[in-house]
file query_39.cif (mmCIF, C-alpha atoms)
data_protein
#
loop_
_atom_site.label_atom_id
_atom_site.label_comp_id
_atom_site.auth_asym_id
_atom_site.auth_seq_id
_atom_site.Cartn_x
_atom_site.Cartn_y
_atom_site.Cartn_z
CA MET W 8 123.32 29.85 75.60
CA LYS W 9 127.09 29.48 75.64
CA PHE W 10 128.92 26.84 77.61
CA LYS W 11 131.13 28.15 80.41
CA ASP W 12 134.34 26.36 81.30
CA TYR W 13 134.67 27.07 85.01
CA TYR W 14 138.05 25.34 85.16
CA GLU W 15 139.39 27.63 82.47
CA THR W 16 138.18 30.63 84.51
CA PHE W 17 140.67 29.64 87.20
CA GLY W 18 143.30 28.23 84.86
CA VAL W 19 143.30 24.88 86.69
CA PRO W 20 143.02 21.33 85.26
CA ARG W 21 139.75 19.43 85.64
CA ASN W 22 141.29 17.16 88.23
CA ALA W 23 142.43 20.05 90.46
CA THR W 24 141.96 19.47 94.19
CA GLN W 25 139.51 21.62 96.20
CA ASP W 26 142.53 23.33 97.76
CA GLU W 27 144.00 24.19 94.37
CA ILE W 28 140.67 25.65 93.28
CA LYS W 29 140.38 27.66 96.47
CA HIS W 30 143.93 28.91 96.06
CA ALA W 31 143.32 29.97 92.43
CA TYR W 32 140.05 31.66 93.38
CA ARG W 33 141.61 33.62 96.25
CA LYS W 34 144.48 34.82 94.10
CA LEU W 35 142.29 35.97 91.21
CA ALA W 36 139.60 37.38 93.50
CA ARG W 37 142.16 39.65 95.17
CA LYS W 38 143.40 40.73 91.76
CA TYR W 39 139.99 41.55 90.32
CA HIS W 40 138.02 42.63 93.37
CA PRO W 41 136.16 45.73 92.11
CA ASP W 42 136.90 47.68 95.30
CA VAL W 43 140.62 47.08 94.97
CA SER W 44 141.37 46.66 91.26
CA LYS W 45 141.73 49.49 88.74
CA ASP W 46 141.18 47.10 85.84
CA PRO W 47 138.21 48.33 83.76
CA ASP W 48 136.94 44.74 83.42
CA ALA W 49 137.39 44.03 87.12
CA GLU W 50 133.69 43.90 87.94
CA ALA W 51 132.82 41.50 85.09
CA ARG W 52 135.83 39.30 85.79
CA PHE W 53 135.03 39.21 89.48
CA LYS W 54 131.45 38.14 88.77
CA GLU W 55 132.70 35.30 86.57
CA LEU W 56 135.06 34.18 89.30
CA GLY W 57 132.29 34.20 91.89
CA GLU W 58 130.04 32.15 89.67
CA ALA W 59 132.73 29.61 88.80
CA TYR W 60 133.68 29.31 92.47
CA ALA W 61 130.07 28.84 93.56
CA VAL W 62 129.99 25.71 91.39
CA LEU W 63 133.47 24.27 91.90
CA LYS W 64 133.74 24.80 95.66
CA ASP W 65 130.56 22.81 96.24
CA PRO W 66 131.43 19.09 95.74
CA GLU W 67 127.84 18.27 94.78
CA LYS W 68 127.58 21.00 92.13
CA ARG W 69 131.08 20.28 90.90
CA ALA W 70 130.29 16.59 90.42
CA ALA W 71 127.13 17.44 88.48
CA TYR W 72 129.04 19.93 86.33
CA ASP W 73 131.85 17.42 85.70
CA GLN W 74 129.35 14.80 84.69
CA MET W 75 128.42 16.79 81.60
CA GLY W 76 131.73 15.68 80.25
CA SER W 77 134.91 17.37 79.18
CA GLN W 78 134.06 17.58 75.47
CA TRP W 79 132.46 21.03 75.95
CA LYS W 80 134.51 24.09 75.09
CA ALA W 81 134.01 27.58 76.52
CA GLY W 82 131.75 29.67 74.27
CA GLN W 83 130.20 26.64 72.53
CA GLU W 84 126.39 26.64 72.04
CA PHE W 85 124.95 24.67 74.93
CA GLN W 86 121.66 23.24 76.19
CA PRO W 87 121.65 21.21 79.39
CA PRO W 88 120.91 17.55 78.55
CA PRO W 89 117.52 16.36 79.91
CA ASP W 90 117.72 15.02 83.46
CA TRP W 91 121.38 15.99 83.59
CA ASP W 92 121.08 16.66 87.30
CA ALA W 93 119.21 13.48 88.21
CA GLY W 94 120.62 12.00 91.37
CA PHE W 95 122.03 15.27 92.68
CA GLU W 96 120.49 17.37 95.35
CA PHE W 97 121.45 21.02 95.43
CA SER W 98 120.75 22.43 98.82
CA GLY W 99 120.49 25.94 97.41
CA SER W 100 121.86 27.29 100.65
CA ASP W 101 124.48 29.37 98.92
CA SER W 102 124.17 30.34 95.31
CA GLY W 103 127.39 32.31 95.08
CA SER W 104 129.91 34.42 96.84
CA GLY W 105 128.19 37.68 95.92
CA ASP W 106 124.58 38.63 96.39
CA GLY W 107 123.59 35.70 94.21
CA THR W 108 121.15 37.59 92.00
CA ASP W 109 123.25 38.16 88.93
CA HIS W 110 124.65 34.92 87.53
CA SER W 111 124.92 34.03 83.85
CA ASP W 112 122.10 32.29 81.92
CA PHE W 113 124.34 29.24 81.87
CA PHE W 114 124.52 29.12 85.66
CA GLU W 115 120.81 29.85 86.03
CA ALA W 116 119.91 27.04 83.62
CA LEU W 117 121.95 24.53 85.59
CA PHE W 118 121.70 25.61 89.20
CA GLY W 119 119.25 28.49 89.34
CA ARG W 120 115.96 26.70 89.84
CA GLN W 121 116.45 25.45 93.34
CA ALA W 122 118.54 28.33 94.49
CA ARG W 123 115.65 30.69 95.22
CA GLY W 124 113.56 30.28 98.31
CA THR W 125 109.89 30.98 97.84
CA GLN W 126 108.36 33.48 100.15
CA ARG W 127 107.11 31.99 103.36
CA PRO W 128 103.60 33.19 104.22
CA GLY W 129 103.32 35.37 107.27
CA MET W 130 106.93 36.48 107.06
CA HIS W 131 107.64 40.22 107.27
CA ALA W 132 110.99 41.79 106.68
CA ARG W 133 112.29 45.13 105.52
CA GLY W 134 113.43 45.10 101.88
CA GLN W 135 117.10 45.18 101.00
CA ASP W 136 118.88 48.42 100.30
CA HIS W 137 120.02 48.96 96.76
CA HIS W 138 123.19 50.68 95.61
CA ALA W 139 123.86 52.19 92.19
CA LYS W 140 126.21 54.66 90.55
CA VAL W 141 125.28 57.81 88.61
CA LEU W 142 127.64 59.75 86.36
CA ILE W 143 127.11 63.49 86.03
CA ASP W 144 129.12 66.32 84.48
CA LEU W 145 131.17 68.68 86.61
CA GLU W 146 128.91 71.53 85.45
CA ASP W 147 125.94 69.70 87.00
CA ALA W 148 127.58 70.05 90.42
CA TYR W 149 127.59 73.85 89.95
CA PHE W 150 123.92 74.11 89.04
CA GLY W 151 122.21 70.91 90.23
CA VAL W 152 120.59 68.55 87.75
CA LYS W 153 117.53 66.38 87.33
CA ARG W 154 118.28 62.81 86.27
CA SER W 155 115.99 60.02 85.29
CA ILE W 156 117.67 56.74 86.08
CA SER W 157 116.68 53.24 85.22
CA LEU W 158 117.57 50.27 87.39
CA ARG W 159 117.04 46.57 86.81
CA VAL W 160 115.43 45.08 89.88
CA PRO W 161 114.89 41.36 90.43
CA THR W 162 111.32 40.58 91.45
CA LEU W 163 109.58 37.31 92.28
CA ASP W 164 106.55 36.38 90.20
CA ALA W 165 103.57 34.34 91.47
CA GLN W 166 105.41 31.05 90.90
CA GLY W 167 108.43 32.27 92.80
CA HIS W 168 110.55 32.76 89.67
CA VAL W 169 112.90 35.66 89.45
CA ALA W 170 112.24 38.21 86.71
CA MET W 171 114.18 41.40 86.07
CA ARG W 172 111.96 44.47 86.03
CA GLU W 173 112.82 47.98 84.89
CA HIS W 174 112.49 50.58 87.63
CA ARG W 175 112.64 54.26 86.62
CA ILE W 176 113.05 57.10 89.08
CA ASP W 177 113.56 60.83 88.81
CA VAL W 178 116.31 62.19 91.03
CA ASN W 179 117.17 65.77 91.83
CA ILE W 180 120.93 65.88 92.19
CA PRO W 181 121.59 68.93 94.34
CA LYS W 182 123.97 71.72 93.54
CA GLY W 183 127.25 71.30 95.43
CA ILE W 184 127.41 67.49 95.22
CA ARG W 185 130.93 66.05 94.99
CA ALA W 186 132.32 62.90 93.43
CA GLY W 187 132.14 59.99 95.85
CA GLN W 188 129.16 61.35 97.76
CA HIS W 189 125.90 59.43 97.95
CA LEU W 190 122.23 60.32 97.90
CA ARG W 191 119.76 58.27 99.91
CA LEU W 192 116.35 57.76 98.32
CA ALA W 193 114.17 56.44 101.10
CA GLY W 194 111.85 53.58 100.17
CA GLN W 195 113.23 53.16 96.62
CA GLY W 196 115.16 49.96 97.32
CA MET W 197 113.88 46.38 97.21
CA PRO W 198 110.26 45.85 98.25
CA GLY W 199 109.78 44.40 101.73
CA LEU W 200 108.47 40.92 102.45
CA GLY W 201 104.91 40.75 103.73
CA GLU W 202 104.18 44.00 105.51
CA GLY W 203 107.85 44.95 105.80
CA SER W 204 108.75 48.37 104.45
CA ALA W 205 110.81 48.82 101.28
CA GLY W 206 114.57 49.27 101.51
CA ASP W 207 116.40 52.43 100.49
CA LEU W 208 118.25 53.25 97.31
CA TYR W 209 121.75 54.71 97.61
CA LEU W 210 123.16 56.52 94.59
CA GLU W 211 126.89 57.13 94.36
CA ILE W 212 127.74 60.23 92.39
CA ASP W 213 130.76 60.36 90.12
CA PHE W 214 131.87 62.85 87.47
CA ASN W 215 132.41 62.11 83.81
CA PRO W 216 136.04 62.85 82.98
CA HIS W 217 136.29 66.45 81.80
CA ARG W 218 138.31 67.68 78.83
CA GLN W 219 139.64 70.71 80.72
CA PHE W 220 138.99 70.56 84.43
CA ARG W 221 140.40 68.26 87.09
CA VAL W 222 138.55 67.87 90.35
CA ASP W 223 139.91 67.14 93.81
CA GLY W 224 137.15 67.11 96.43
CA ARG W 225 135.63 70.60 96.30
CA ASP W 226 138.57 72.14 94.42
CA VAL W 227 138.81 72.35 90.66
CA TYR W 228 142.00 72.72 88.61
CA LEU W 229 142.38 74.18 85.13
CA ASP W 230 145.57 74.23 83.05
CA VAL W 231 146.02 77.50 81.13
CA PRO W 232 148.93 77.79 78.69
CA LEU W 233 150.53 81.20 78.09
CA ALA W 234 152.87 82.56 75.42
CA PRO W 235 156.32 83.36 76.92
CA TRP W 236 155.74 87.12 76.61
CA GLU W 237 152.33 86.83 78.36
CA ALA W 238 154.00 85.05 81.26
CA ALA W 239 156.92 87.50 81.40
CA LEU W 240 154.98 90.74 80.99
CA GLY W 241 151.66 89.80 82.53
CA CYS W 242 148.32 89.85 80.74
CA SER W 243 144.60 89.71 81.17
CA LEU W 244 142.68 86.61 79.97
CA ASP W 245 139.13 85.38 79.63
CA VAL W 246 139.03 82.00 81.35
CA PRO W 247 136.06 79.66 80.81
CA LEU W 248 134.92 78.32 84.19
CA PRO W 249 132.19 75.70 84.70
CA ASP W 250 129.72 78.46 85.66
CA GLY W 251 130.76 80.96 82.98
CA PRO W 252 133.84 82.96 81.89
CA VAL W 253 135.82 85.21 84.23
CA GLN W 254 138.55 87.78 83.60
CA LEU W 255 141.86 86.77 85.06
CA ALA W 256 144.88 89.04 85.55
CA VAL W 257 148.13 87.10 85.11
CA PRO W 258 150.89 88.91 87.01
CA ALA W 259 154.17 89.71 85.25
CA LYS W 260 157.09 87.30 85.85
CA SER W 261 154.82 84.24 86.15
CA ALA W 262 156.67 80.93 85.89
CA ALA W 263 155.27 77.69 84.52
CA GLY W 264 153.45 75.77 87.25
CA ARG W 265 152.34 78.91 89.10
CA GLN W 266 148.85 78.47 90.56
CA LEU W 267 146.40 81.33 90.68
CA ARG W 268 143.59 80.75 93.15
CA LEU W 269 140.09 81.93 92.32
CA LYS W 270 138.49 81.84 95.73
CA SER W 271 135.09 80.12 96.01
CA LYS W 272 134.99 79.36 92.29
CA GLY W 273 135.26 75.60 92.89
CA ILE W 274 132.27 73.39 93.61
CA PRO W 275 129.62 75.43 95.47
CA GLY W 276 128.80 74.56 99.06
CA ASN W 277 129.41 75.61 102.60
CA PRO W 278 132.31 76.22 102.39
CA PRO W 279 132.65 76.37 98.60
CA GLY W 280 135.75 74.98 96.93
CA ASP W 281 138.38 77.04 95.12
CA LEU W 282 139.38 77.00 91.50
CA TYR W 283 143.08 76.89 90.70
CA VAL W 284 144.37 78.09 87.37
CA VAL W 285 147.66 76.30 86.73
CA LEU W 286 149.84 78.30 84.37
CA GLY W 287 151.88 76.65 81.67
CA ILE W 288 154.13 78.13 79.00
CA ALA W 289 153.75 77.18 75.35
CA LEU W 290 156.74 77.82 73.09
CA PRO W 291 155.91 79.34 69.73
CA PRO W 292 157.59 77.36 66.92
CA ALA W 293 160.23 79.20 64.85
CA ASN W 294 159.36 78.37 61.26
CA THR W 295 159.76 81.52 59.17
CA ASP W 296 162.90 83.65 58.90
CA SER W 297 161.41 86.50 60.86
CA GLU W 298 160.40 84.11 63.64
CA LYS W 299 163.93 82.73 63.75
CA ASP W 300 165.30 86.27 63.85
CA ALA W 301 163.09 87.03 66.80
CA TYR W 302 164.58 84.08 68.74
CA ARG W 303 168.11 85.19 67.75
CA ALA W 304 167.36 88.68 68.99
CA MET W 305 166.17 87.19 72.28
CA ALA W 306 169.36 85.16 72.61
CA LYS W 307 171.34 88.36 72.18
CA ALA W 308 169.22 90.44 74.52
CA PHE W 309 169.21 87.94 77.38
CA ASN W 310 172.15 86.82 79.40
CA PHE W 311 170.25 83.60 80.09
CA ASP W 312 171.61 80.15 80.80
CA ALA W 313 168.78 77.58 81.04
CA ARG W 314 171.20 75.07 82.61
CA ALA W 315 172.87 77.34 85.13
CA HIS W 316 171.69 75.13 87.99
CA MET W 317 173.56 72.12 86.53
CA LYS W 318 176.94 73.82 86.61
CA GLY W 319 179.59 74.19 89.29
CA ASN W 320 178.28 71.25 91.29
CA PRO W 321 179.88 68.11 89.86
CA SER W 322 178.56 65.81 92.60
CA MET C 22 120.32 76.33 99.09
CA SER C 23 116.82 77.80 98.71
CA ASN C 24 116.69 76.49 95.16
CA ALA C 25 117.14 72.90 96.24
CA ASP C 26 114.63 73.25 99.06
CA LYS C 27 111.84 73.95 96.59
CA HIS C 28 111.82 70.34 95.40
CA GLN C 29 109.26 68.40 97.38
CA SER C 30 111.52 65.40 97.88
CA ARG C 31 115.03 66.51 98.52
CA ASP C 32 117.09 63.36 99.03
CA PRO C 33 119.76 63.77 101.69
CA ILE C 34 123.48 63.62 100.88
CA VAL C 35 124.62 60.67 102.95
CA GLU C 36 128.06 62.04 103.86
CA GLU C 37 126.73 65.37 105.12
CA GLU C 38 123.27 64.83 106.47
CA ILE C 39 122.93 61.29 107.69
CA CYS C 40 123.58 59.64 111.02
CA LEU C 41 122.96 55.92 111.57
CA THR C 42 122.42 53.64 114.55
CA LEU C 43 124.14 50.26 114.72
CA THR C 44 121.01 48.48 113.42
CA GLU C 45 120.56 50.95 110.56
CA LEU C 46 124.19 50.67 109.57
CA CYS C 47 124.04 46.86 109.56
CA HIS C 48 120.97 46.94 107.35
CA ALA C 49 122.47 49.45 104.92
CA CYS C 50 125.75 47.55 104.50
CA SER C 51 124.27 44.02 104.91
CA ALA C 52 126.86 43.01 107.51
CA SER C 53 125.98 41.47 110.88
CA GLU C 54 126.35 43.42 114.13
CA GLU C 55 129.16 41.08 115.14
CA PHE C 56 131.31 42.29 112.22
CA VAL C 57 130.48 45.95 112.69
CA ILE C 58 131.41 45.73 116.37
CA ALA C 59 134.71 44.06 115.42
CA TRP C 60 135.43 46.83 112.91
CA VAL C 61 134.77 49.48 115.55
CA PHE C 62 137.17 47.62 117.83
CA GLU C 63 139.82 47.73 115.07
CA GLY C 64 139.30 51.48 114.72
CA LEU C 65 138.05 51.09 111.17
CA LEU C 66 134.80 52.81 112.12
CA GLU C 67 134.64 55.53 114.76
CA PRO C 68 131.10 56.05 116.00
CA ILE C 69 130.10 58.69 118.52
CA GLY C 70 128.79 57.29 121.83
CA GLU C 71 129.96 54.80 124.44
CA ALA C 72 127.93 51.59 124.31
CA PRO C 73 126.91 49.89 121.02
CA GLU C 74 123.25 50.80 121.60
CA ASP C 75 124.21 54.51 121.80
CA TRP C 76 126.54 54.46 118.81
CA ARG C 77 125.88 56.91 115.99
CA PHE C 78 127.74 56.46 112.70
CA THR C 79 128.28 59.21 110.12
CA GLY C 80 127.30 58.74 106.47
CA GLN C 81 131.00 58.40 105.70
CA SER C 82 131.19 55.22 107.79
CA LEU C 83 128.44 53.61 105.73
CA TYR C 84 130.75 53.40 102.74
CA ARG C 85 133.69 52.21 104.77
CA ALA C 86 131.44 49.53 106.25
CA ARG C 87 130.21 48.46 102.82
CA LEU C 88 133.75 48.16 101.56
CA ALA C 89 134.74 46.26 104.70
CA TRP C 90 131.84 43.87 104.23
CA SER C 91 132.60 43.18 100.57
CA LEU C 92 136.24 42.37 101.42
CA THR C 93 135.10 40.14 104.29
CA ARG C 94 132.55 38.30 102.19
CA ASP C 95 134.45 37.98 98.92
CA LEU C 96 138.01 37.46 100.12
CA GLU C 97 137.39 36.12 103.63
CA VAL C 98 139.59 38.80 105.15
CA ASN C 99 139.35 39.01 108.96
CA PRO C 100 138.72 42.32 110.79
CA PRO C 101 142.42 43.27 111.36
CA GLY C 102 143.10 42.45 107.69
CA VAL C 103 140.15 44.55 106.55
CA ALA C 104 141.37 47.45 108.71
CA LEU C 105 144.83 47.18 107.12
CA ALA C 106 143.38 46.97 103.59
CA LEU C 107 141.23 50.08 104.17
CA ASP C 108 144.21 52.03 105.54
CA LEU C 109 146.22 51.10 102.44
CA LEU C 110 143.32 51.95 100.09
CA ASP C 111 143.05 55.35 101.81
CA LYS C 112 146.76 55.92 101.23
CA ILE C 113 146.45 54.93 97.58
CA SER C 114 143.57 57.35 97.00
CA ALA C 115 145.47 60.17 98.72
CA LEU C 116 148.46 59.53 96.43
CA GLU C 117 146.21 59.34 93.39
CA ALA C 118 144.60 62.66 94.34
CA GLN C 119 148.10 64.17 94.59
CA LEU C 120 149.03 62.89 91.12
CA HIS C 121 145.73 64.13 89.80
CA ARG C 122 146.35 67.64 91.14
CA VAL C 123 149.62 67.90 89.23
CA GLY C 124 147.90 66.71 86.08
CA VAL C 125 148.78 63.01 85.84
CA ARG C 126 145.64 61.13 84.89
#
call {"tool": "encode", "arguments": {"input": "query_39.cif", "output": "structure tokens"}}
result
Amino acid sequence: MKFKDYYETFGVPRNATQDEIKHAYRKLARKYHPDVSKDPDAEARFKELGEAYAVLKDPEKRAAYDQMGSQWKAGQEFQPPPDWDAGFEFSGSDSGSGDGTDHSDFFEALFGRQARGTQRPGMHARGQDHHAKVLIDLEDAYFGVKRSISLRVPTLDAQGHVAMREHRIDVNIPKGIRAGQHLRLAGQGMPGLGEGSAGDLYLEIDFNPHRQFRVDGRDVYLDVPLAPWEAALGCSLDVPLPDGPVQLAVPAKSAAGRQLRLKSKGIPGNPPGDLYVVLGIALPPANTDSEKDAYRAMAKAFNFDARAHMKGNPS
Amino acid sequence: MSNADKHQSRDPIVEEEICLTLTELCHACSASEEFVIAWVFEGLLEPIGEAPEDWRFTGQSLYRARLAWSLTRDLEVNPPGVALALDLLDKISALEAQLHRVGVR
């Protein structure tokens, strides 16, 4: 087990006041809150902050932690000294700012033992709801998909210790699901206490990033580059859509950025979304002599000024 | 549609098919009734129905309520602050969706 330097987590000295710790926690918590931050490490950082704050905000826990001495460095191999917590009484009323079930081994070894209440006999309560995220491909939203997902669920053993148990469930993700929507799996959450019924499991659906398609709600966008002559003269293309290729007629005189709407070809549903083909223009490079000649011939044939809009308006 | 119906256990899509009472919403987002009532007062949640015991919340409000609760619990933001934060987060996602449509990732 590695030692954790909770002061380093907040960037405060060991003699920081409770107010300074609170201030540092608030500032970093706002920065890394997973619902607000776009930082890919936000969730992990936020968990660390919560754990460090659970110890340092509680004078009793902080004193016990401090008593281990300042010679420890973050990341160093660590075993709690025997009877290190003698003389302290952790109330266990609050084991963290979050749901308190997911602290590091280090935290569990020091403060975990008293933090869990054992189940009182004769108590009945409905189990907690569980929330998890599932990533699917855009194509799965067109056809529906069966997913087997595995969740780690904390359970109490006979002695009242917490053990993580693997929980596998098969889920039918229906056709037409969109990113950000949730499925409710009744009775698949945490088991109830006593005769209380189990909680529910909520699954948030999100799409894996796609190489070609962009998704906005029910609508799907696809960039399709054209050669200049295809855009100018019009053409017919095979376009690969999530549910198979379609023939697309590009009208003559299409400019870059033009959007062609394929009605009801977005994510299926009631109503279905649309698919937008966004046209782009790719310039062929002029490498050989004949290619250069072709560009020269174009320059001659066209009375075209690409910067006409910049002229005659000096302001 | 008929395809999906063939599965014995078709799990409902929360945003489209679910409607919650005040008690159910509190259980699903782990916040107390006191907070949920304050959020309704701030206009952060808009249930159908007059009195709290008649309120019905859409599946959409479940995720707003969960977000509201995590900001309340983790950052100690009060109900008007949570309402402001959610409005701003909504604006940010609308702007991000706009960028996304024009191809900025």
call {"tool": "atom_distance", "arguments": {"input": "query_39.cif", "atom1": "atom CA of W:Pro20", "atom2": "atom CA of W:Glu58"}}
result
17.5 Å
call {"tool": "atom_distance", "arguments": {"input": "query_39.cif", "atom1": "atom CA of W:Val227", "atom2": "atom CA of W:Asp245"}}
result
17.1 Å
call {"tool": "closest_atom_pairs", "arguments": {"input": "query_39.cif", "of": "chain C", "to": "chain W", "cutoff": "8 Å", "atoms": "all atoms listed in the file", "output": "JSON lines"}}
result
{"residue": "C:Ala25", "atom": "CA", "partner": "W:Pro181", "partner_atom": "CA", "distance": 6.3}
{"residue": "C:His28", "atom": "CA", "partner": "W:Asn179", "partner_atom": "CA", "distance": 7.9}
{"residue": "C:Arg31", "atom": "CA", "partner": "W:Asn179", "partner_atom": "CA", "distance": 7.1}
{"residue": "C:Asp32", "atom": "CA", "partner": "W:Leu192", "partner_atom": "CA", "distance": 5.7}
{"residue": "C:Pro33", "atom": "CA", "partner": "W:Leu190", "partner_atom": "CA", "distance": 5.7}
{"residue": "C:Ile34", "atom": "CA", "partner": "W:Leu190", "partner_atom": "CA", "distance": 4.6}
{"residue": "C:Val35", "atom": "CA", "partner": "W:His189", "partner_atom": "CA", "distance": 5.3}
{"residue": "C:Glu36", "atom": "CA", "partner": "W:Gln188", "partner_atom": "CA", "distance": 6.2}
{"residue": "C:His48", "atom": "CA", "partner": "W:Asp136", "partner_atom": "CA", "distance": 7.5}
{"residue": "C:Ala49", "atom": "CA", "partner": "W:Asp136", "partner_atom": "CA", "distance": 5.9}
{"residue": "C:Leu88", "atom": "CA", "partner": "W:Asp42", "partner_atom": "CA", "distance": 7.0}
{"residue": "C:Arg94", "atom": "CA", "partner": "W:Ser104", "partner_atom": "CA", "distance": 7.1}
{"residue": "C:Asp95", "atom": "CA", "partner": "W:Ser104", "partner_atom": "CA", "distance": 6.1}
{"residue": "C:Leu96", "atom": "CA", "partner": "W:Arg33", "partner_atom": "CA", "distance": 6.5}
{"residue": "C:Leu110", "atom": "CA", "partner": "W:Val43", "partner_atom": "CA", "distance": 7.6}
{"residue": "C:Ala118", "atom": "CA", "partner": "W:Asp223", "partner_atom": "CA", "distance": 6.5}
{"residue": "C:His121", "atom": "CA", "partner": "W:Arg221", "partner_atom": "CA", "distance": 7.3}
{"residue": "C:Arg122", "atom": "CA", "partner": "W:Asp223", "partner_atom": "CA", "distance": 7.0}
{"residue": "C:Gly124", "atom": "CA", "partner": "W:Arg221", "partner_atom": "CA", "distance": 7.7}
call {"tool": "atom_distance", "arguments": {"input": "query_39.cif", "atom1": "atom CA of W:Trp236", "atom2": "atom CA of W:Asp296"}}
result
19.4 Å
call {"tool": "residues_around", "arguments": {"input": "query_39.cif", "residues": "W:Ser271", "least_positions_apart": "5", "cutoff": "6 Å", "atoms": "all atoms listed in the file", "output": "PyMOL selection string"}}
result
chain W and resi 279-281
call {"tool": "resolve_selection", "arguments": {"input": "query_39.cif", "expression": "the PyMOL selection byres ((chain C and resi 73-81) around 6)", "output": "PyMOL selection string"}}
result
chain C and resi 35-36+39-42+68-70+72+82-84
